[in-house]
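What follows is one structure encoded as structure tokens, with my remarks underneath.
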Amino acid sequence: MSFAGAADRRAVRVLAPLGLFLLAVAVRALPWRSVLTERFVLPFGNDAFYHMRRIIYSVVHFPAALEFDPYVSFPAGAKPIWTPVFDWIVALLVRPFYRADDLTDLERAVVWVPPLLGGATVVALYFIARVNFGNAVALLSGVTLSLLSGHFWYSQIGFVDHHAAVAFSSTLLLGASMGLLRRHAGLPAGSRGAWLACLATGTALAGTLLVWPGSLLHVGLVEVAFLVYLLSRPQREQAVDFALRLAAVHGVAFLLVAPLGLSSDWPQWSRFTPVVLSSFQPWLFGTLACYGLACAWLWRRPVGRTGSSRSLSGLLLGVVLVAASALAIPDLLVGVEDAWRWFAKRESFQAMVAESRPLITARVGVGLASARLSWFAFLVPAVCALAGWSVRRDRQRAAVFLLLWWSLGLLAVTLVQKRFFNSSSVAVALLMGWGAVWAYRALPPGLRAHPAGRAIGCATLACALLALLAPMSQTYQLYVSSQLRLFGDQKVPVSVPLMRQGVAIRTAGWLRRNTPPTAGWLDPSARPEYGVLAPWPMGHVIGYVARRPTVVDNFGNDLGERNFQLALRYYEGDEAAAREILDQLGVRYVIAQDRSAFLGKAPPSGSMFYSLYYWDGTGYTPGARGGSDPQPVEALEQHRLIFESRPLRRGPERRPSLFKVFEYVAGAQVTGRAAPGAPVRVSLELVTNRKREIEYTTSTIAGSDGRYRVRLPYANRGGPDVVRVAPHYTFESEGAVAQLSVDEESVLEARELAGPDLRAHTRR
């Protein structure tokens, strides 16, 4: 009996985490029909496309990583701000799926990495909860995290992003840190278990920052907890021992981050900025290791005799180390300013990024918070207080207090930037599991002793948990509906972001097939021949799908302020200013997108944005404002429409395209004669690839010598065949009508052409 019971318990210990892993992966696989389409793989989120690019680079050039990329921040190129660790590890895992002639199998393998990371995070939480709170809390926490929308969002299939790995690495950091505190209370100094805990914690600290330097917030929460624990030890031996363990922890972390951190060089940031992987992280861990050693040395002397003297001397020592570092390394203060600007969104681009926005705003209220973290998120402060009170006399309470501090800290950070609801979901799930078990045990013993009473109590708690999780149903509604239609003839419902991304992919695919290829997509030493200027939200898609270098992309101004500001000036200015910018940058193709690309204030009427997107490059007169007479906007002379995508939603032909592609050309320079001072109107009929009819019109005025001059961007002979043009331009002046046909070479090389003499033509 005892042997069978032990075997059953072992089976449960294996099957429980395995079942949770499969459940988590299955939930995160729900959107698979939207990602694994018949024609291509559709990753979720624009950042996924740049991760795919770096992964493929490492697969092809293994074990190299893409450290400098000529396809971003064109023409200078730049160093990607993300660390290469996530992409390199994924490349290592998916190398067996690589085929040089077709990347589809590789892409299909990569999009499964986030669900696997999500499942691994659930299993990690299960073991953390089981070690600290028992099997019941572990199972409930694991099931809750499997379903929590906040964690699902970043680990769903297709969301190839380092944030899926951030949740996993930060969960390991939480578990290792709690284990370090538990083992300090239960294991003697110098034991094998104690030093293994130091090794695990140091590795977790370094790994969390190597995956994403923004995880400094997670690391900071742990470091504060360690400092409080260190300075509150009642006995000298305990304090000295933990100081030595902290020195070991941070020594391990220093050795792991130093090779990448110390070799990093960022022209747009200081050498010690925390925003990216730099010398800051090695400095941080190296300083903390020295701090631990200094505390241990100091407290073995008379100053460490009492708890108050240890606390005071420890604080003073920390202040001295920080002050000395600031004096010796002035860049540290600049780095702190960088970090604050990023976190507080005082930097212009971060203020526009969706995931940098607060979780609760006046526009969305608490709806997003409840949908991502459930209604239980609003109970977290109360549950933390209850848990703290429950373990206040427990010998292992330090580990639990760390968890509570971690949970409250992450929840507070998530209120400022909603990107942190990913890792905050782990804390919410664990507290929810603990709270449910506490509530069951708080039931009257008589009720729990009776089978019917237990059933009623469990059913009541189950209903309460379902009610708390109910807001998340809206996240899964679309995906469940898609699965229900699996064997039917109905189309799979697709969310608006995925529809937008699908249109962007098709537009980028058209660019790749119909524009001259550029060098250097997998060879950073080669210089691309030209660049593409598009609104920054489309940049990563162009870089990966079109394989063309971009001026700006989803990195925004993090790669440098110059290109970001030039792109804004391009869309906000007129064609004269636009020409200077395009010539300066070496741009050949420009993409116009609807107003959603401008998350801040949209460009004004009369700008390049309006001319390109709303008026297809032809002349127009803006609407009057404030009673003033509107000034006509001239047609674009060196931009020609060559492609327009389908609308976001299919419908009538008049529905506007989501993207329009223009080619920047020299323009044929036509000179002719007309009556002195006479207006000259030039028009050309066009039919786009969407079968939309356009009349390109431009105008000028003949000079006092009777000569007129116009620059024309379209060719009647030999130009791109996607947009069909009439066989000739029509020239009109004071009733005189004439025609002219322009060849492609003249448009590309700015050749001088003789225009019709409108004085000699028959008048209407």
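How things are named: the first chain in the structure tokens is A, the next is B, and so on; residues count from 1 in each chain; ligands count from 1 in the order shown.
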If you run DSSP on the backbone here, which positions in segment 80-222 of chain A get alpha helix (DSSP H)? Please write them as a PyMOL selection string.
chain A and resi 85-94+104-110+113-133+135-147+149-155+162-186+192-211+216-222
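Of note, atom CA of Leu386 of chain A and atom CA of Trp438 of chain A are spaced 9.6 Å apart.
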Could you state the separation of atom CA of Val27 of chain A and atom CA of Val480 of chain A in Å, given to one decimal place?
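Atom CA of Val27 of chain A sits 9.8 Å away from atom CA of Val480 of chain A.
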Identify, on the basis of only C-alpha atoms, every residue whose closest approach to segment 261-268 of chain A does not exceed 8 Å; exclude the query and any residue fewer than 6 positions from it along the same chain; express the result as a short mmCIF file (atom, residue, chain, number, x, y, z; two decimals) with N, CA, C and O atoms, in the first residue's frame.
```cif
data_model
loop_
_atom_site.label_atom_id
_atom_site.label_comp_id
_atom_site.auth_asym_id
_atom_site.auth_seq_id
_atom_site.Cartn_x
_atom_site.Cartn_y
_atom_site.Cartn_z
N LYS A 79 22.86 49.81 -34.67
CA LYS A 79 22.90 48.63 -33.83
C LYS A 79 21.53 48.45 -33.19
O LYS A 79 21.03 49.36 -32.53
N LEU A 277 21.57 47.13 -23.05
CA LEU A 277 22.68 46.40 -22.44
C LEU A 277 23.96 47.20 -22.65
O LEU A 277 24.39 47.42 -23.78
N SER A 278 24.54 47.64 -21.56
CA SER A 278 25.70 48.52 -21.62
C SER A 278 26.63 48.18 -20.46
O SER A 278 26.49 47.13 -19.81
N SER A 279 27.54 49.08 -20.16
CA SER A 279 28.42 48.88 -19.01
C SER A 279 27.69 49.05 -17.69
O SER A 279 28.25 48.75 -16.62
N PHE A 280 26.44 49.52 -17.75
CA PHE A 280 25.69 49.74 -16.51
C PHE A 280 25.45 48.43 -15.77
O PHE A 280 25.62 48.36 -14.54
N GLN A 281 25.02 47.40 -16.47
CA GLN A 281 24.68 46.14 -15.81
C GLN A 281 25.89 45.50 -15.14
O GLN A 281 25.79 45.08 -13.97
N PRO A 282 27.06 45.42 -15.82
CA PRO A 282 28.24 44.93 -15.09
C PRO A 282 28.61 45.80 -13.89
O PRO A 282 29.00 45.28 -12.84
N ASP A 558 14.84 55.41 -30.92
CA ASP A 558 15.81 54.75 -30.06
C ASP A 558 17.12 54.44 -30.80
O ASP A 558 18.14 54.18 -30.15
N LEU A 559 17.08 54.44 -32.13
CA LEU A 559 18.30 54.24 -32.90
C LEU A 559 18.96 55.56 -33.26
O LEU A 559 20.01 55.58 -33.90
N GLY A 560 18.34 56.65 -32.88
CA GLY A 560 18.86 57.97 -33.20
C GLY A 560 17.72 58.92 -33.54
O GLY A 560 16.76 58.55 -34.22
#
```
Counting only C-alpha atoms, what is within 12 Å of His218 of chain A, bar same-chain residues fewer than 3 positions away, as a PyMOL selection string?
chain A and resi 166-167+169-174+177+204-209+212-215+221-225+402-403+405-411+413-414+420+423-424+427
Could you tell me which of A:Phe643, A:Val687, A:Ile505, A:Leu748 comes closest to Ala666 of chain A if we count only C-alpha atoms?
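Residue with the minimum atom-to-atom distance to Ala666 of chain A: A:Leu748.
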Please provide the set of residues having any atom within 12 Å of Lys660 of chain A, restricted to only C-alpha atoms, with same-chain residues fewer than 4 positions apart removed, written as an MDAnalysis selection string.
chainID A and resid 503:504 506:508 510:511 533:535 589:594 609:617 639:647 656 688:690 723
What's around Tyr530 of chain A at 9 Å? Count only C-alpha atoms, leave out sequence neighbours fewer than 3 positions away in its own chain, and write the answer as a count of residues only.
11
Excluding same-chain residues fewer than 3 positions from Tyr620 of chain A, what lies within 8 Å of it counting only C-alpha atoms, as a PDB file with N, CA and C atoms, in the first residue's frame?
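File produced: around.pdb:
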```pdb
ATOM      1  N   TRP A 615      -4.752  62.591 -51.863  1.00  0.00           N
ATOM      2  CA  TRP A 615      -4.894  63.181 -53.196  1.00  0.00           C
ATOM      3  C   TRP A 615      -3.997  62.527 -54.237  1.00  0.00           C
ATOM      4  N   PRO A 632      -4.353  76.847 -52.979  1.00  0.00           N
ATOM      5  CA  PRO A 632      -4.213  75.575 -53.704  1.00  0.00           C
ATOM      6  C   PRO A 632      -2.871  74.917 -53.409  1.00  0.00           C
ATOM      7  N   VAL A 633      -2.883  73.601 -53.352  1.00  0.00           N
ATOM      8  CA  VAL A 633      -1.660  72.824 -53.159  1.00  0.00           C
ATOM      9  C   VAL A 633      -1.268  72.240 -54.503  1.00  0.00           C
ATOM     10  N   GLU A 634      -0.045  72.530 -54.936  1.00  0.00           N
ATOM     11  CA  GLU A 634       0.404  72.066 -56.239  1.00  0.00           C
ATOM     12  C   GLU A 634       0.573  70.550 -56.255  1.00  0.00           C
ATOM     13  N   ALA A 635       0.464  69.979 -57.451  1.00  0.00           N
ATOM     14  CA  ALA A 635       0.688  68.548 -57.616  1.00  0.00           C
ATOM     15  C   ALA A 635       2.151  68.213 -57.338  1.00  0.00           C
TER      16      ALA A 635
END
```
Given only C-alpha atoms as the counted atoms, nearest of A:Gly435, A:Ala176, A:Asp757, A:Val682 to His728 of chain A:
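Comparing A:Gly435, A:Ala176, A:Asp757, A:Val682 against His728 of chain A, the winner is A:Val682.
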Distance criterion (only C-alpha atoms): nearest to Lys601 of chain A out of A:Tyr571, A:Ala326, A:Val110, A:Thr475
A:Tyr571
